[in-house]
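Everything on this sheet refers to the single structure shown next.
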Amino acid sequence: MKLWPFPILLVIPLEASPGDFLSYDDSEPDTVLTVRETLAGPVTASIMAGPEYEDDNLFEPSEIYLRIEGADEAWWVHTPEPYDSMEIIQFINDSHLLLALTTPASTATVVFNLGDRSLYRTGSGIGEAISGISDEPLIRLNGQMVYSDDVYRYSSITDLQGRVIEFLSSGETCLPISEIVTDEADLSRLQQPLDYCVGISQ
């Protein structure tokens, strides 16, 4: 029997799916922390790191925190598992904060709701808020990865809950949406058919 060579497509998700709420420890840390970055907006958001991080041990989940300082209170967000570090991206509409959570091998974009203090994942890749194409704030996720005969990258647009609205096509290799997304992806708002071929690039 002759076996025909077909490319094997692997999509490797993180443990949390888009739209999933992420649990985090909101207790104040009991160690000395230093400020890595700060962004001022409707509140002041700071990424704080402990001494292990400063000693180049870059992936110490217990030592990376987000501190939010409002008008009359402050609260903490401990980096949720399975992530190792956290970075601030930007505020959205004075009500949400866009963050990047990382592991040694991947990055996910998450949204922190400043009102109810919920943290939820929108998808893999680095996010940026976009405007002008909708009345609602949307997120463009760049650098999402799919594994075929090689590693390819693509981009998509989601809402703040991680529901995919559109896959952006700009690469030289083409794969249908049905071969890019995982079973956990929320496609309830997708405006393209599943056989739409997305241009992906290395």
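Each chain of the structure tokens is named A, B, ... in the order shown, its residues numbered from 1; ligands are numbered from 1 in display order.
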
Please identify which residues in range 79-199 of chain A DSSP calls alpha helix (DSSP H) from the backbone, and express them as a VMD selection string. chain A and resid 177 to 180

Writing out the chosen residues with C-alpha atoms as an mmCIF file, in the first residue's frame:
data_model
loop_
_atom_site.group_PDB
_atom_site.id
_atom_site.type_symbol
_atom_site.label_atom_id
_atom_site.label_comp_id
_atom_site.auth_asym_id
_atom_site.auth_seq_id
_atom_site.Cartn_x
_atom_site.Cartn_y
_atom_site.Cartn_z
ATOM 1 C CA ILE A 177 -10.199 28.793 8.371
ATOM 2 C CA SER A 178 -11.401 25.298 9.293
ATOM 3 C CA GLU A 179 -7.758 24.132 9.373
ATOM 4 C CA ILE A 180 -6.501 27.079 11.428
#

Show me, as a Markdown table, the residues of range 126-168 of chain A having an atom within 10 Å of range 68-90 of chain A, each with the closest atom pair and its distance in Å, using only C-alpha atoms.
| residue | atom | partner | partner_atom | distance |
| --- | --- | --- | --- | --- |
| A:Ile126 | CA | A:Ile89 | CA | 8.7 |
| A:Gly127 | CA | A:Ile89 | CA | 7.6 |
| A:Glu128 | CA | A:Ile89 | CA | 7.3 |
| A:Ala129 | CA | A:Gln90 | CA | 7.8 |

Store the residues picked out above in a file with C-alpha atoms, as a compact mmCIF listing (two decimals), in the first residue's frame.
# COMPACT_ATOMS: atom_id res chain seq x y z
CA ILE A 126 -0.05 40.26 20.61
CA GLY A 127 -3.19 42.37 20.65
CA GLU A 128 -3.87 45.98 19.78
CA ALA A 129 -7.12 47.92 20.05

Set the distance at 8 Å and use only C-alpha atoms: which residues neighbour Pro137 in chain A once local chain neighbours fewer than 3 positions away are removed? I'd like the list as a count of residues only. 8

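The shell of residues at most 6 Å from Tyr120 in chain A, with only C-alpha atoms counted and near chain neighbours (fewer than 6 positions) removed, consists of Gly19, Asp20, Phe21, Leu22, Val110 and Val111 of chain A.
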
Name the residues in contact with range 186-188 of chain A at a cut-off of 10 Å, using only C-alpha atoms, excluding same-chain residues fewer than 3 positions from it; report them as a PDB file with N, CA and C atoms, in the first residue's frame.
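What follows is the written file around-v3.pdb:
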ATOM      1  N   SER A  17      -8.946  28.714  26.775  1.00  0.00           N
ATOM      2  CA  SER A  17      -9.497  28.996  25.471  1.00  0.00           C
ATOM      3  C   SER A  17      -9.906  30.459  25.396  1.00  0.00           C
ATOM      4  N   PRO A  18      -9.987  31.034  24.159  1.00  0.00           N
ATOM      5  CA  PRO A  18     -10.474  32.402  24.042  1.00  0.00           C
ATOM      6  C   PRO A  18     -11.840  32.548  24.704  1.00  0.00           C
ATOM      7  N   GLY A  19     -12.026  33.629  25.407  1.00  0.00           N
ATOM      8  CA  GLY A  19     -13.284  33.870  26.098  1.00  0.00           C
ATOM      9  C   GLY A  19     -13.322  33.298  27.499  1.00  0.00           C
ATOM     10  N   THR A 122      -8.475  36.637  25.121  1.00  0.00           N
ATOM     11  CA  THR A 122      -9.069  36.873  23.806  1.00  0.00           C
ATOM     12  C   THR A 122      -8.457  35.984  22.733  1.00  0.00           C
ATOM     13  N   THR A 158     -10.937  40.208  16.836  1.00  0.00           N
ATOM     14  CA  THR A 158     -11.905  39.649  17.785  1.00  0.00           C
ATOM     15  C   THR A 158     -12.580  40.797  18.538  1.00  0.00           C
ATOM     16  N   GLN A 161     -14.464  39.898  24.076  1.00  0.00           N
ATOM     17  CA  GLN A 161     -14.674  38.589  24.702  1.00  0.00           C
ATOM     18  C   GLN A 161     -13.947  37.471  23.967  1.00  0.00           C
ATOM     19  N   GLY A 162     -13.181  37.801  22.934  1.00  0.00           N
ATOM     20  CA  GLY A 162     -12.415  36.798  22.215  1.00  0.00           C
ATOM     21  C   GLY A 162     -13.174  36.108  21.100  1.00  0.00           C
ATOM     22  N   ARG A 163     -14.369  36.579  20.758  1.00  0.00           N
ATOM     23  CA  ARG A 163     -15.119  35.986  19.644  1.00  0.00           C
ATOM     24  C   ARG A 163     -14.530  36.485  18.334  1.00  0.00           C
ATOM     25  N   VAL A 164     -14.135  35.544  17.463  1.00  0.00           N
ATOM     26  CA  VAL A 164     -13.466  35.910  16.215  1.00  0.00           C
ATOM     27  C   VAL A 164     -14.475  36.519  15.248  1.00  0.00           C
ATOM     28  N   ILE A 165     -14.125  37.674  14.684  1.00  0.00           N
ATOM     29  CA  ILE A 165     -14.977  38.352  13.707  1.00  0.00           C
ATOM     30  C   ILE A 165     -14.436  38.169  12.301  1.00  0.00           C
ATOM     31  N   GLU A 166     -13.112  38.199  12.167  1.00  0.00           N
ATOM     32  CA  GLU A 166     -12.520  38.129  10.838  1.00  0.00           C
ATOM     33  C   GLU A 166     -11.088  37.628  10.926  1.00  0.00           C
ATOM     34  N   VAL A 181      -8.337  27.103  13.004  1.00  0.00           N
ATOM     35  CA  VAL A 181      -8.919  27.281  14.339  1.00  0.00           C
ATOM     36  C   VAL A 181      -8.969  25.968  15.112  1.00  0.00           C
ATOM     37  N   THR A 182      -8.970  26.098  16.430  1.00  0.00           N
ATOM     38  CA  THR A 182      -9.148  24.948  17.304  1.00  0.00           C
ATOM     39  C   THR A 182     -10.626  24.782  17.607  1.00  0.00           C
ATOM     40  N   ASP A 183     -10.988  23.640  18.169  1.00  0.00           N
ATOM     41  CA  ASP A 183     -12.386  23.373  18.514  1.00  0.00           C
ATOM     42  C   ASP A 183     -12.904  24.353  19.555  1.00  0.00           C
ATOM     43  N   GLN A 191     -17.491  36.424  10.259  1.00  0.00           N
ATOM     44  CA  GLN A 191     -18.150  36.953   9.070  1.00  0.00           C
ATOM     45  C   GLN A 191     -17.635  36.316   7.786  1.00  0.00           C
ATOM     46  N   GLN A 192     -16.862  35.254   7.903  1.00  0.00           N
ATOM     47  CA  GLN A 192     -16.314  34.568   6.736  1.00  0.00           C
ATOM     48  C   GLN A 192     -16.702  33.094   6.803  1.00  0.00           C
ATOM     49  N   LEU A 194     -16.147  29.009   6.658  1.00  0.00           N
ATOM     50  CA  LEU A 194     -15.039  28.190   7.166  1.00  0.00           C
ATOM     51  C   LEU A 194     -14.073  27.751   6.073  1.00  0.00           C
TER      52      LEU A 194
END

Go through range 21-153 of chain A and collect every residue that DSSP, computed from the backbone, puts in strand (DSSP E or B); the answer should be as an MDAnalysis selection string. chainID A and resid 21 34:40 44:49 64:69 74:78 85:92 96:102 107:113 119:124 126:130 138:147 151:153

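Residues in contact range of range 168-172 of chain A, defined as at most 8 Å between only C-alpha atoms, with sequence neighbours fewer than 6 positions away removed, read Tyr154, Ser155, Ser156, Ile157, Cys197, Val198, Gly199, Ile200 and Ser201 of chain A.
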
Those residues with C-alpha atoms, as a CSV table (one decimal), in the first residue's frame please?
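The result, stored in again.csv:
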chain,number,residue,atom,x,y,z
A,154,TYR,CA,-1.6,35.0,10.8
A,155,SER,CA,-3.8,37.7,12.3
A,156,SER,CA,-7.4,38.0,13.3
A,157,ILE,CA,-9.9,40.5,14.7
A,197,CYS,CA,-8.6,30.7,2.6
A,198,VAL,CA,-6.5,32.8,4.9
A,199,GLY,CA,-3.1,34.0,3.7
A,200,ILE,CA,-0.5,33.0,6.3
A,201,SER,CA,3.3,33.8,6.4

Closest to Leu114 in chain A among A:Asp195, A:Asp94, A:Asp149, A:Asp135, using only C-alpha atoms? A:Asp94

Residue nearest Arg67 in chain A among A:Gln144, A:Thr44, A:Thr103, A:Ser23 (counting only C-alpha atoms): A:Thr44

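One finds CA of Pro104 in chain A at 17.0 Å from CA of Val146 in chain A.
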